[in-house]
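See below for the structure under consideration.
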Amino acid sequence: MKQNYQKMLEETIRKHQEKQTVPTLLLHSCCAPCSSYCLEYLSEYFSITVFYYNPNIYPEEEYRKRVLEQQHFIERLPARHPISFIEGEYDEKRFYDTVRGHERDKEGGERCFLCYELRLKEAAELSKQMGMDYFTTTLSISPLKNAEKLNEIGDRLAEEYGICYLNSDFKKKNGYKRSVELSEEYGMYRQYYCGCIFSKKQRDEEIAAKKNGESVV
């Protein structure tokens, strides 16, 4: 049966509100625009550490640009509870080793699932080390990301590491729409491709085909 991850998130929040507790959350962020709504929403209920771990991003100049945008947004966002920032290691080789053999996969396929797991596993390990109450990711805010797969991976890693995964689907309740609004409000840099060299190539091909009036299969 398909899960309603937004309802699961709301139930978790409700339980903590009843207890009048403010749990700690390690929030893996893929980029500042995607994190915008997640942070606006979650900082009302959680003390958040944003974990920026994205070795998939290509090229390095793009990675650096996105890191700075993330830090800048956190500095400017008014939040009820504290938001801190940790940058993970930018290890491109680890990403390429993880997705080897899936270079030709279409965006949203098995290559992406392997990338989800790479980043969520790093978040789970850090969450365990820091003694956080929960960990989760901003990735589900994108209409192009598979929330069911993300939550499946998160739950599996939670069991493996003995920590709690915050089930969520941030695109629900106009979450994605709000992230676009916040991006415009804060004048954020919004990238035109997900992050990796493969997604960039696919997106460039789609843009070129559209410009030439061709259909993309």
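Chain identifiers are assigned as A, B, and so on, following the order in which chains appear in the structure tokens; residues are numbered from 1 within each chain, and ligands are numbered from 1 in order of appearance.
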Please identify every residue of range 100-214 of chain A that has at least one atom no farther than 12 Å from an atom of range 43-48 of chain A, counting only C-alpha atoms, and for each give the shortest atom pair and the distance in Å to one decimal, arranged by chain then increasing number, as a tab-separated table.
```
residue	atom	partner	partner_atom	distance
A:Ser127	CA	A:Ile48	CA	11.3
A:Met132	CA	A:Ile48	CA	9.4
A:Asp133	CA	A:Phe46	CA	9.7
A:Tyr134	CA	A:Phe46	CA	9.5
A:Phe135	CA	A:Ile48	CA	9.5
A:Thr136	CA	A:Ile48	CA	10.6
A:Thr137	CA	A:Ile48	CA	11.7
A:Leu166	CA	A:Phe46	CA	11.2
```
As a VMD selection string, list the residues of range 7-217 of chain A assigned to strand (DSSP E) by DSSP on the backbone atoms of this structure.
chain A and resid 24 to 28 47 to 52 83 to 87 134 to 137 164 to 165
Between A:Ser36, A:Asn146, A:Asn167, A:Asn56, single out the one closest to Glu185 in chain A, counting only C-alpha atoms.
A:Ser36
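The protein and nucleic acid residues lying at most 10 Å from Lys7 in chain A are Gln3, Asn4, Tyr5, Leu9, Glu10, Glu11, Thr12, Ile13, Asn167, Ser168, Asp169 and Lys172 of chain A, with only C-alpha atoms considered and sequence neighbours fewer than 2 positions away removed.
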Write the selection just made, keeping all heavy atoms, as a compact mmCIF listing (two decimals), in the first residue's frame?
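Dumped to selection.txt:
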```
# COMPACT_ATOMS: atom_id res chain seq x y z
N GLN A 3 2.31 4.76 0.81
CA GLN A 3 2.32 5.52 2.05
C GLN A 3 2.11 7.01 1.78
O GLN A 3 2.51 7.53 0.75
CB GLN A 3 3.67 5.35 2.76
CG GLN A 3 3.99 3.93 3.18
CD GLN A 3 3.19 3.51 4.42
OE1 GLN A 3 2.53 4.32 5.06
NE2 GLN A 3 3.25 2.24 4.74
N ASN A 4 1.45 7.67 2.73
CA ASN A 4 1.33 9.13 2.68
C ASN A 4 2.41 9.69 3.60
O ASN A 4 2.21 9.82 4.81
CB ASN A 4 -0.07 9.57 3.13
CG ASN A 4 -0.30 11.06 2.95
OD1 ASN A 4 0.62 11.86 3.12
ND2 ASN A 4 -1.52 11.44 2.60
N TYR A 5 3.55 10.02 3.01
CA TYR A 5 4.70 10.44 3.82
C TYR A 5 4.51 11.81 4.46
O TYR A 5 5.07 12.09 5.52
CB TYR A 5 5.97 10.41 2.97
CG TYR A 5 6.31 9.01 2.50
CD1 TYR A 5 6.16 8.64 1.17
CD2 TYR A 5 6.75 8.05 3.41
CE1 TYR A 5 6.45 7.35 0.74
CE2 TYR A 5 7.04 6.76 3.01
CZ TYR A 5 6.90 6.41 1.67
OH TYR A 5 7.18 5.13 1.26
N LEU A 9 4.94 12.63 8.44
CA LEU A 9 5.72 13.75 8.95
C LEU A 9 4.89 14.58 9.93
O LEU A 9 5.36 14.94 11.02
CB LEU A 9 6.19 14.63 7.79
CG LEU A 9 6.85 15.96 8.14
CD1 LEU A 9 8.06 15.77 9.03
CD2 LEU A 9 7.22 16.71 6.87
N GLU A 10 3.66 14.87 9.54
CA GLU A 10 2.78 15.68 10.40
C GLU A 10 2.51 14.98 11.73
O GLU A 10 2.42 15.63 12.78
CB GLU A 10 1.47 15.97 9.67
CG GLU A 10 1.64 16.95 8.51
CD GLU A 10 0.40 17.09 7.66
OE1 GLU A 10 -0.61 16.38 7.95
OE2 GLU A 10 0.42 17.88 6.70
N GLU A 11 2.41 13.67 11.70
CA GLU A 11 2.18 12.90 12.93
C GLU A 11 3.40 12.97 13.85
O GLU A 11 3.28 13.10 15.07
CB GLU A 11 1.85 11.45 12.58
CG GLU A 11 1.61 10.53 13.78
CD GLU A 11 0.44 10.94 14.66
OE1 GLU A 11 -0.44 11.73 14.20
OE2 GLU A 11 0.38 10.49 15.81
N THR A 12 4.59 12.88 13.26
CA THR A 12 5.82 13.00 14.04
C THR A 12 5.90 14.37 14.70
O THR A 12 6.22 14.49 15.90
CB THR A 12 7.06 12.77 13.15
OG1 THR A 12 7.02 11.45 12.60
CG2 THR A 12 8.35 12.94 13.95
N ILE A 13 5.59 15.40 13.94
CA ILE A 13 5.62 16.77 14.47
C ILE A 13 4.61 16.92 15.61
O ILE A 13 4.90 17.50 16.66
CB ILE A 13 5.33 17.79 13.34
CG1 ILE A 13 6.52 17.85 12.38
CG2 ILE A 13 5.03 19.17 13.93
CD1 ILE A 13 6.27 18.66 11.13
N ASN A 167 10.36 10.49 7.82
CA ASN A 167 9.61 10.27 6.59
C ASN A 167 8.99 11.56 6.10
O ASN A 167 8.44 12.34 6.89
CB ASN A 167 8.52 9.22 6.81
CG ASN A 167 9.10 7.84 7.06
OD1 ASN A 167 8.98 7.31 8.15
ND2 ASN A 167 9.75 7.26 6.07
N SER A 168 9.05 11.80 4.81
CA SER A 168 8.59 13.07 4.28
C SER A 168 8.42 13.01 2.78
O SER A 168 9.00 12.15 2.09
CB SER A 168 9.59 14.19 4.63
OG SER A 168 10.90 13.79 4.29
N ASP A 169 7.61 13.91 2.26
CA ASP A 169 7.47 14.13 0.82
C ASP A 169 7.20 15.63 0.68
O ASP A 169 6.06 16.07 0.67
CB ASP A 169 6.33 13.30 0.24
CG ASP A 169 6.26 13.38 -1.27
OD1 ASP A 169 7.06 14.13 -1.87
OD2 ASP A 169 5.41 12.69 -1.87
N LYS A 172 4.54 17.85 -1.33
CA LYS A 172 3.13 17.90 -0.96
C LYS A 172 2.77 19.25 -0.35
O LYS A 172 3.62 19.97 0.14
CB LYS A 172 2.80 16.78 0.03
CG LYS A 172 3.04 15.38 -0.52
CD LYS A 172 2.13 15.06 -1.70
CE LYS A 172 2.28 13.62 -2.15
NZ LYS A 172 1.44 13.31 -3.32
```
Determine, for each residue of range 67-137 of chain A having at least one atom at most 12 Å from an atom of range 23-29 of chain A, the closest pair of atoms and their separation in Å to one decimal, counting only C-alpha atoms; order by chain and ascending number, as a tab-separated table.
```
residue	atom	partner	partner_atom	distance
A:Val67	CA	A:Ser29	CA	10.0
A:Glu69	CA	A:Ser29	CA	11.7
A:Gln70	CA	A:Ser29	CA	8.5
A:Gln71	CA	A:Ser29	CA	11.1
A:Ile74	CA	A:Ser29	CA	11.5
A:His81	CA	A:Thr24	CA	10.0
A:Pro82	CA	A:Thr24	CA	9.8
A:Ile83	CA	A:Leu25	CA	9.6
A:Ser84	CA	A:Leu26	CA	9.6
A:Phe85	CA	A:Leu27	CA	9.5
A:Ile86	CA	A:His28	CA	9.6
A:Glu87	CA	A:His28	CA	10.0
A:Gly88	CA	A:His28	CA	9.9
A:Tyr116	CA	A:His28	CA	10.6
A:Glu117	CA	A:His28	CA	11.7
A:Leu118	CA	A:His28	CA	11.5
A:Arg119	CA	A:His28	CA	7.8
A:Leu120	CA	A:His28	CA	7.3
A:Lys121	CA	A:His28	CA	10.3
A:Glu122	CA	A:His28	CA	9.1
A:Ala123	CA	A:His28	CA	6.3
A:Ala124	CA	A:Leu26	CA	8.5
A:Glu125	CA	A:Leu26	CA	10.5
A:Leu126	CA	A:Leu26	CA	8.2
A:Ser127	CA	A:Leu26	CA	6.1
A:Lys128	CA	A:Leu26	CA	9.7
A:Gln129	CA	A:Leu26	CA	11.0
A:Met130	CA	A:Leu26	CA	9.0
A:Gly131	CA	A:Thr24	CA	8.7
A:Met132	CA	A:Thr24	CA	5.4
A:Asp133	CA	A:Thr24	CA	5.1
A:Tyr134	CA	A:Leu25	CA	4.8
A:Phe135	CA	A:Leu26	CA	4.5
A:Thr136	CA	A:Leu27	CA	5.2
A:Thr137	CA	A:His28	CA	4.4
```
Name the residues in contact with Tyr37 in chain A at a cut-off of 9 Å, using only C-alpha atoms, excluding same-chain residues fewer than 2 positions from it; report them as a compact mmCIF listing (two decimals) with all heavy atoms, in the first residue's frame.
```
# COMPACT_ATOMS: atom_id res chain seq x y z
N PRO A 33 17.79 26.17 -3.34
CA PRO A 33 16.38 26.31 -3.71
C PRO A 33 15.50 25.19 -3.17
O PRO A 33 14.39 25.44 -2.67
CB PRO A 33 16.42 26.29 -5.25
CG PRO A 33 17.76 26.85 -5.58
CD PRO A 33 18.67 26.29 -4.52
N CYS A 34 15.98 23.94 -3.24
CA CYS A 34 15.19 22.82 -2.72
C CYS A 34 15.09 22.87 -1.20
O CYS A 34 14.09 22.44 -0.62
CB CYS A 34 15.79 21.49 -3.17
SG CYS A 34 15.49 21.10 -4.91
N SER A 35 16.13 23.40 -0.55
CA SER A 35 16.11 23.46 0.91
C SER A 35 15.21 24.57 1.45
O SER A 35 14.82 24.54 2.61
CB SER A 35 17.52 23.67 1.46
OG SER A 35 17.93 25.02 1.30
N LEU A 39 13.41 24.16 4.98
CA LEU A 39 13.92 24.88 6.15
C LEU A 39 12.88 25.81 6.74
O LEU A 39 12.75 25.91 7.97
CB LEU A 39 15.18 25.64 5.78
CG LEU A 39 16.43 24.77 5.56
CD1 LEU A 39 17.57 25.60 5.01
CD2 LEU A 39 16.84 24.08 6.86
N GLU A 40 12.14 26.50 5.89
CA GLU A 40 11.08 27.38 6.38
C GLU A 40 10.07 26.57 7.20
O GLU A 40 9.64 27.01 8.27
CB GLU A 40 10.39 28.07 5.21
CG GLU A 40 9.26 29.01 5.63
CD GLU A 40 8.50 29.57 4.44
OE1 GLU A 40 7.85 28.77 3.72
OE2 GLU A 40 8.54 30.79 4.23
N TYR A 41 9.71 25.43 6.71
CA TYR A 41 8.71 24.57 7.35
C TYR A 41 9.26 23.87 8.59
O TYR A 41 8.72 24.00 9.70
CB TYR A 41 8.26 23.55 6.31
CG TYR A 41 7.31 22.47 6.76
CD1 TYR A 41 6.37 22.67 7.76
CD2 TYR A 41 7.34 21.21 6.15
CE1 TYR A 41 5.49 21.67 8.16
CE2 TYR A 41 6.48 20.20 6.53
CZ TYR A 41 5.56 20.43 7.53
OH TYR A 41 4.70 19.42 7.91
N LEU A 42 10.38 23.18 8.43
CA LEU A 42 10.89 22.33 9.51
C LEU A 42 11.50 23.11 10.67
O LEU A 42 11.49 22.63 11.81
CB LEU A 42 11.94 21.36 8.95
CG LEU A 42 11.42 20.31 7.95
CD1 LEU A 42 12.59 19.54 7.35
CD2 LEU A 42 10.42 19.37 8.60
N ILE A 141 11.43 17.10 -2.45
CA ILE A 141 10.65 18.27 -2.83
C ILE A 141 10.53 18.39 -4.35
O ILE A 141 9.59 18.99 -4.86
CB ILE A 141 11.26 19.57 -2.25
CG1 ILE A 141 10.20 20.68 -2.26
CG2 ILE A 141 12.50 19.99 -3.00
CD1 ILE A 141 10.55 21.89 -1.45
N PHE A 170 8.27 16.39 0.62
CA PHE A 170 8.16 17.84 0.75
C PHE A 170 7.46 18.55 -0.40
O PHE A 170 7.11 19.71 -0.28
CB PHE A 170 9.55 18.45 0.98
CG PHE A 170 10.16 18.06 2.29
CD1 PHE A 170 11.33 17.31 2.34
CD2 PHE A 170 9.56 18.43 3.49
CE1 PHE A 170 11.89 16.94 3.55
CE2 PHE A 170 10.11 18.07 4.71
CZ PHE A 170 11.27 17.33 4.74
N GLY A 175 4.58 22.34 -1.54
CA GLY A 175 5.95 22.56 -1.10
C GLY A 175 6.88 22.99 -2.22
O GLY A 175 7.68 23.92 -2.06
N TYR A 176 6.75 22.34 -3.37
CA TYR A 176 7.61 22.71 -4.50
C TYR A 176 7.29 24.12 -4.97
O TYR A 176 8.19 24.93 -5.22
CB TYR A 176 7.45 21.72 -5.66
CG TYR A 176 8.27 22.12 -6.86
CD1 TYR A 176 9.67 22.02 -6.84
CD2 TYR A 176 7.66 22.63 -8.01
CE1 TYR A 176 10.43 22.41 -7.93
CE2 TYR A 176 8.42 23.03 -9.10
CZ TYR A 176 9.80 22.91 -9.05
OH TYR A 176 10.55 23.32 -10.14
N LYS A 177 6.00 24.43 -5.06
CA LYS A 177 5.58 25.77 -5.47
C LYS A 177 6.15 26.83 -4.52
O LYS A 177 6.65 27.88 -4.95
CB LYS A 177 4.05 25.86 -5.49
CG LYS A 177 3.51 27.21 -5.90
CD LYS A 177 1.99 27.24 -5.83
CE LYS A 177 1.46 28.63 -6.17
NZ LYS A 177 -0.02 28.69 -6.02
N ARG A 178 6.11 26.55 -3.22
CA ARG A 178 6.63 27.49 -2.24
C ARG A 178 8.15 27.65 -2.39
O ARG A 178 8.69 28.75 -2.22
CB ARG A 178 6.28 27.02 -0.83
CG ARG A 178 6.80 27.92 0.29
CD ARG A 178 6.28 29.33 0.18
NE ARG A 178 6.81 30.18 1.25
CZ ARG A 178 6.93 31.50 1.17
NH1 ARG A 178 6.55 32.14 0.07
NH2 ARG A 178 7.42 32.19 2.18
N SER A 179 8.84 26.57 -2.73
CA SER A 179 10.29 26.65 -2.91
C SER A 179 10.63 27.56 -4.09
O SER A 179 11.63 28.30 -4.03
CB SER A 179 10.90 25.26 -3.12
OG SER A 179 10.63 24.76 -4.41
N VAL A 180 9.82 27.53 -5.13
CA VAL A 180 10.03 28.42 -6.28
C VAL A 180 9.80 29.87 -5.86
O VAL A 180 10.56 30.76 -6.23
CB VAL A 180 9.10 28.03 -7.45
CG1 VAL A 180 9.20 29.05 -8.58
CG2 VAL A 180 9.45 26.63 -7.97
N LEU A 182 10.08 31.14 -2.83
CA LEU A 182 11.17 31.56 -1.95
C LEU A 182 12.45 31.84 -2.74
O LEU A 182 13.19 32.78 -2.43
CB LEU A 182 11.43 30.50 -0.88
CG LEU A 182 10.43 30.44 0.26
CD1 LEU A 182 10.57 29.14 1.05
CD2 LEU A 182 10.58 31.64 1.20
```
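Going from CA of Phe51 in chain A to CA of Ser140 in chain A covers 15.5 Å.
What separates CA of Glu181 in chain A from CA of Leu77 in chain A is a distance of 13.8 Å.
The two atoms in question, CA of Arg66 in chain A and CA of Asp204 in chain A, are spaced 19.1 Å apart.
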Expected answer as a PDB file with N, CA and C atoms, in the first residue's frame: alpha helix (DSSP H) residues in range 1-85 of chain A:
```pdb
ATOM      1  N   TYR A   5       3.549  10.025   3.014  1.00  0.00           N
ATOM      2  CA  TYR A   5       4.698  10.445   3.818  1.00  0.00           C
ATOM      3  C   TYR A   5       4.506  11.812   4.457  1.00  0.00           C
ATOM      4  N   GLN A   6       3.700  12.650   3.836  1.00  0.00           N
ATOM      5  CA  GLN A   6       3.406  13.952   4.445  1.00  0.00           C
ATOM      6  C   GLN A   6       2.617  13.773   5.745  1.00  0.00           C
ATOM      7  N   LYS A   7       1.660  12.880   5.732  1.00  0.00           N
ATOM      8  CA  LYS A   7       0.882  12.612   6.949  1.00  0.00           C
ATOM      9  C   LYS A   7       1.758  12.012   8.045  1.00  0.00           C
ATOM     10  N   MET A   8       2.706  11.178   7.635  1.00  0.00           N
ATOM     11  CA  MET A   8       3.629  10.587   8.602  1.00  0.00           C
ATOM     12  C   MET A   8       4.493  11.672   9.248  1.00  0.00           C
ATOM     13  N   LEU A   9       4.935  12.630   8.437  1.00  0.00           N
ATOM     14  CA  LEU A   9       5.716  13.752   8.954  1.00  0.00           C
ATOM     15  C   LEU A   9       4.888  14.585   9.928  1.00  0.00           C
ATOM     16  N   GLU A  10       3.655  14.872   9.541  1.00  0.00           N
ATOM     17  CA  GLU A  10       2.785  15.676  10.402  1.00  0.00           C
ATOM     18  C   GLU A  10       2.512  14.976  11.729  1.00  0.00           C
ATOM     19  N   GLU A  11       2.414  13.670  11.704  1.00  0.00           N
ATOM     20  CA  GLU A  11       2.177  12.904  12.927  1.00  0.00           C
ATOM     21  C   GLU A  11       3.405  12.969  13.846  1.00  0.00           C
ATOM     22  N   THR A  12       4.590  12.884  13.257  1.00  0.00           N
ATOM     23  CA  THR A  12       5.822  13.001  14.043  1.00  0.00           C
ATOM     24  C   THR A  12       5.899  14.366  14.704  1.00  0.00           C
ATOM     25  N   ILE A  13       5.589  15.398  13.943  1.00  0.00           N
ATOM     26  CA  ILE A  13       5.616  16.769  14.473  1.00  0.00           C
ATOM     27  C   ILE A  13       4.607  16.921  15.607  1.00  0.00           C
ATOM     28  N   ARG A  14       3.407  16.370  15.404  1.00  0.00           N
ATOM     29  CA  ARG A  14       2.349  16.476  16.410  1.00  0.00           C
ATOM     30  C   ARG A  14       2.779  15.834  17.735  1.00  0.00           C
ATOM     31  N   LYS A  15       3.410  14.680  17.655  1.00  0.00           N
ATOM     32  CA  LYS A  15       3.844  13.985  18.872  1.00  0.00           C
ATOM     33  C   LYS A  15       4.849  14.819  19.663  1.00  0.00           C
ATOM     34  N   HIS A  16       5.758  15.465  18.961  1.00  0.00           N
ATOM     35  CA  HIS A  16       6.750  16.293  19.648  1.00  0.00           C
ATOM     36  C   HIS A  16       6.130  17.572  20.206  1.00  0.00           C
ATOM     37  N   GLN A  17       5.154  18.097  19.503  1.00  0.00           N
ATOM     38  CA  GLN A  17       4.472  19.288  20.007  1.00  0.00           C
ATOM     39  C   GLN A  17       3.717  18.972  21.293  1.00  0.00           C
ATOM     40  N   GLU A  18       3.096  17.813  21.326  1.00  0.00           N
ATOM     41  CA  GLU A  18       2.370  17.398  22.529  1.00  0.00           C
ATOM     42  C   GLU A  18       3.320  17.266  23.720  1.00  0.00           C
ATOM     43  N   LYS A  19       4.535  16.786  23.446  1.00  0.00           N
ATOM     44  CA  LYS A  19       5.536  16.622  24.504  1.00  0.00           C
ATOM     45  C   LYS A  19       6.309  17.903  24.764  1.00  0.00           C
ATOM     46  N   ALA A  32      20.286  24.945  -2.368  1.00  0.00           N
ATOM     47  CA  ALA A  32      19.572  25.982  -1.617  1.00  0.00           C
ATOM     48  C   ALA A  32      18.105  26.121  -2.031  1.00  0.00           C
ATOM     49  N   PRO A  33      17.787  26.175  -3.335  1.00  0.00           N
ATOM     50  CA  PRO A  33      16.377  26.313  -3.710  1.00  0.00           C
ATOM     51  C   PRO A  33      15.499  25.187  -3.168  1.00  0.00           C
ATOM     52  N   CYS A  34      15.979  23.944  -3.245  1.00  0.00           N
ATOM     53  CA  CYS A  34      15.191  22.824  -2.724  1.00  0.00           C
ATOM     54  C   CYS A  34      15.086  22.870  -1.200  1.00  0.00           C
ATOM     55  N   SER A  35      16.126  23.397  -0.547  1.00  0.00           N
ATOM     56  CA  SER A  35      16.108  23.461   0.914  1.00  0.00           C
ATOM     57  C   SER A  35      15.210  24.568   1.447  1.00  0.00           C
ATOM     58  N   SER A  36      14.887  25.544   0.590  1.00  0.00           N
ATOM     59  CA  SER A  36      14.214  26.762   1.062  1.00  0.00           C
ATOM     60  C   SER A  36      12.909  26.477   1.797  1.00  0.00           C
ATOM     61  N   TYR A  37      11.994  25.785   1.140  1.00  0.00           N
ATOM     62  CA  TYR A  37      10.713  25.475   1.792  1.00  0.00           C
ATOM     63  C   TYR A  37      10.922  24.510   2.955  1.00  0.00           C
ATOM     64  N   CYS A  38      11.801  23.513   2.763  1.00  0.00           N
ATOM     65  CA  CYS A  38      12.042  22.523   3.820  1.00  0.00           C
ATOM     66  C   CYS A  38      12.501  23.207   5.101  1.00  0.00           C
ATOM     67  N   LEU A  39      13.411  24.164   4.975  1.00  0.00           N
ATOM     68  CA  LEU A  39      13.918  24.875   6.151  1.00  0.00           C
ATOM     69  C   LEU A  39      12.876  25.813   6.744  1.00  0.00           C
ATOM     70  N   GLU A  40      12.144  26.496   5.888  1.00  0.00           N
ATOM     71  CA  GLU A  40      11.084  27.378   6.382  1.00  0.00           C
ATOM     72  C   GLU A  40      10.071  26.574   7.201  1.00  0.00           C
ATOM     73  N   TYR A  41       9.707  25.430   6.714  1.00  0.00           N
ATOM     74  CA  TYR A  41       8.707  24.570   7.347  1.00  0.00           C
ATOM     75  C   TYR A  41       9.262  23.873   8.595  1.00  0.00           C
ATOM     76  N   LEU A  42      10.382  23.182   8.432  1.00  0.00           N
ATOM     77  CA  LEU A  42      10.893  22.334   9.508  1.00  0.00           C
ATOM     78  C   LEU A  42      11.500  23.114  10.668  1.00  0.00           C
ATOM     79  N   GLU A  60      33.262  21.236 -10.658  1.00  0.00           N
ATOM     80  CA  GLU A  60      33.550  21.710  -9.307  1.00  0.00           C
ATOM     81  C   GLU A  60      33.134  23.168  -9.115  1.00  0.00           C
ATOM     82  N   GLU A  61      33.270  23.973 -10.159  1.00  0.00           N
ATOM     83  CA  GLU A  61      32.866  25.382 -10.059  1.00  0.00           C
ATOM     84  C   GLU A  61      31.372  25.496  -9.735  1.00  0.00           C
ATOM     85  N   GLU A  62      30.587  24.599 -10.319  1.00  0.00           N
ATOM     86  CA  GLU A  62      29.150  24.568 -10.049  1.00  0.00           C
ATOM     87  C   GLU A  62      28.897  24.161  -8.605  1.00  0.00           C
ATOM     88  N   TYR A  63      29.659  23.170  -8.139  1.00  0.00           N
ATOM     89  CA  TYR A  63      29.537  22.713  -6.759  1.00  0.00           C
ATOM     90  C   TYR A  63      29.793  23.870  -5.792  1.00  0.00           C
ATOM     91  N   ARG A  64      30.887  24.574  -6.011  1.00  0.00           N
ATOM     92  CA  ARG A  64      31.246  25.691  -5.124  1.00  0.00           C
ATOM     93  C   ARG A  64      30.164  26.768  -5.132  1.00  0.00           C
ATOM     94  N   LYS A  65      29.615  27.031  -6.278  1.00  0.00           N
ATOM     95  CA  LYS A  65      28.561  28.043  -6.401  1.00  0.00           C
ATOM     96  C   LYS A  65      27.336  27.648  -5.585  1.00  0.00           C
ATOM     97  N   ARG A  66      26.990  26.369  -5.632  1.00  0.00           N
ATOM     98  CA  ARG A  66      25.810  25.888  -4.912  1.00  0.00           C
ATOM     99  C   ARG A  66      26.040  25.870  -3.397  1.00  0.00           C
ATOM    100  N   VAL A  67      27.260  25.552  -2.989  1.00  0.00           N
ATOM    101  CA  VAL A  67      27.575  25.574  -1.553  1.00  0.00           C
ATOM    102  C   VAL A  67      27.389  26.982  -0.995  1.00  0.00           C
ATOM    103  N   LEU A  68      27.944  27.968  -1.689  1.00  0.00           N
ATOM    104  CA  LEU A  68      27.841  29.349  -1.234  1.00  0.00           C
ATOM    105  C   LEU A  68      26.394  29.819  -1.192  1.00  0.00           C
ATOM    106  N   GLU A  69      25.601  29.408  -2.173  1.00  0.00           N
ATOM    107  CA  GLU A  69      24.193  29.782  -2.203  1.00  0.00           C
ATOM    108  C   GLU A  69      23.451  29.191  -1.012  1.00  0.00           C
ATOM    109  N   GLN A  70      23.804  27.955  -0.664  1.00  0.00           N
ATOM    110  CA  GLN A  70      23.180  27.305   0.498  1.00  0.00           C
ATOM    111  C   GLN A  70      23.523  28.043   1.788  1.00  0.00           C
ATOM    112  N   GLN A  71      24.787  28.366   1.971  1.00  0.00           N
ATOM    113  CA  GLN A  71      25.211  29.071   3.185  1.00  0.00           C
ATOM    114  C   GLN A  71      24.573  30.452   3.269  1.00  0.00           C
ATOM    115  N   HIS A  72      24.509  31.118   2.143  1.00  0.00           N
ATOM    116  CA  HIS A  72      23.935  32.461   2.103  1.00  0.00           C
ATOM    117  C   HIS A  72      22.457  32.439   2.488  1.00  0.00           C
ATOM    118  N   PHE A  73      21.734  31.440   1.995  1.00  0.00           N
ATOM    119  CA  PHE A  73      20.307  31.344   2.311  1.00  0.00           C
ATOM    120  C   PHE A  73      20.085  31.095   3.799  1.00  0.00           C
ATOM    121  N   ILE A  74      20.869  30.192   4.383  1.00  0.00           N
ATOM    122  CA  ILE A  74      20.732  29.891   5.816  1.00  0.00           C
ATOM    123  C   ILE A  74      20.956  31.148   6.648  1.00  0.00           C
ATOM    124  N   GLU A  75      21.940  31.940   6.257  1.00  0.00           N
ATOM    125  CA  GLU A  75      22.250  33.179   6.985  1.00  0.00           C
ATOM    126  C   GLU A  75      21.086  34.168   6.953  1.00  0.00           C
ATOM    127  N   ARG A  76      20.335  34.167   5.858  1.00  0.00           N
ATOM    128  CA  ARG A  76      19.277  35.168   5.684  1.00  0.00           C
ATOM    129  C   ARG A  76      17.906  34.714   6.160  1.00  0.00           C
TER     130      ARG A  76
END
```
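Those residues that approach range 95-99 of chain A to within 10 Å, counting only C-alpha atoms, are Asn54, Pro55, Asn56, Ile57, Asp105, Glu110, Arg111, Cys112, Phe113, Leu114, Cys115, Glu117, Leu118, Arg119 and Cys196 of chain A; same-chain residues fewer than 6 positions away are not listed.
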Write out the residues from the selection above, keeping N, CA and C atoms, as a CSV table (one decimal), in the first residue's frame.
```csv
chain,number,residue,atom,x,y,z
A,54,ASN,N,27.2,16.5,-1.6
A,54,ASN,CA,26.7,16.2,-3.0
A,54,ASN,C,27.9,16.1,-3.9
A,55,PRO,N,28.6,14.9,-3.8
A,55,PRO,CA,29.8,14.7,-4.7
A,55,PRO,C,29.5,14.4,-6.1
A,56,ASN,N,28.2,14.3,-6.4
A,56,ASN,CA,27.7,14.1,-7.8
A,56,ASN,C,27.7,15.4,-8.6
A,57,ILE,N,27.8,16.5,-8.0
A,57,ILE,CA,27.7,17.8,-8.8
A,57,ILE,C,28.9,18.0,-9.7
A,105,ASP,N,22.0,5.5,-18.0
A,105,ASP,CA,20.6,5.5,-17.5
A,105,ASP,C,20.0,6.9,-17.7
A,110,GLU,N,17.9,4.0,-12.2
A,110,GLU,CA,18.7,3.3,-11.2
A,110,GLU,C,19.9,4.1,-10.8
A,111,ARG,N,20.5,4.9,-11.7
A,111,ARG,CA,21.7,5.7,-11.4
A,111,ARG,C,21.3,6.7,-10.3
A,112,CYS,N,20.1,7.3,-10.4
A,112,CYS,CA,19.7,8.3,-9.4
A,112,CYS,C,19.4,7.6,-8.1
A,113,PHE,N,18.9,6.4,-8.1
A,113,PHE,CA,18.7,5.7,-6.9
A,113,PHE,C,20.0,5.4,-6.1
A,114,LEU,N,21.0,5.0,-6.9
A,114,LEU,CA,22.3,4.8,-6.3
A,114,LEU,C,22.9,6.1,-5.7
A,115,CYS,N,22.6,7.2,-6.4
A,115,CYS,CA,23.1,8.5,-5.9
A,115,CYS,C,22.3,8.9,-4.6
A,117,GLU,N,21.2,6.9,-2.4
A,117,GLU,CA,21.7,6.0,-1.3
A,117,GLU,C,23.0,6.5,-0.9
A,118,LEU,N,23.9,6.9,-1.8
A,118,LEU,CA,25.2,7.4,-1.4
A,118,LEU,C,25.1,8.6,-0.5
A,119,ARG,N,24.3,9.5,-0.8
A,119,ARG,CA,24.2,10.7,0.0
A,119,ARG,C,23.4,10.5,1.3
A,196,CYS,N,24.7,16.1,-11.7
A,196,CYS,CA,25.8,15.3,-12.2
A,196,CYS,C,26.1,15.6,-13.7
```
Go through A:Gly108, A:Glu184, A:Cys164, A:Tyr189 one by one, measure the shortest atom-to-atom distance of each to Ala147 in chain A using only C-alpha atoms, and give the residue with the smallest value.
A:Gly108
For Ile197 in chain A, work out the shell of residues within 9 Å, counting only C-alpha atoms and skipping chain neighbours fewer than 3 positions away, then give it as JSON, numbers by chain.
{"A": [56, 57, 58, 59, 200, 201, 202]}
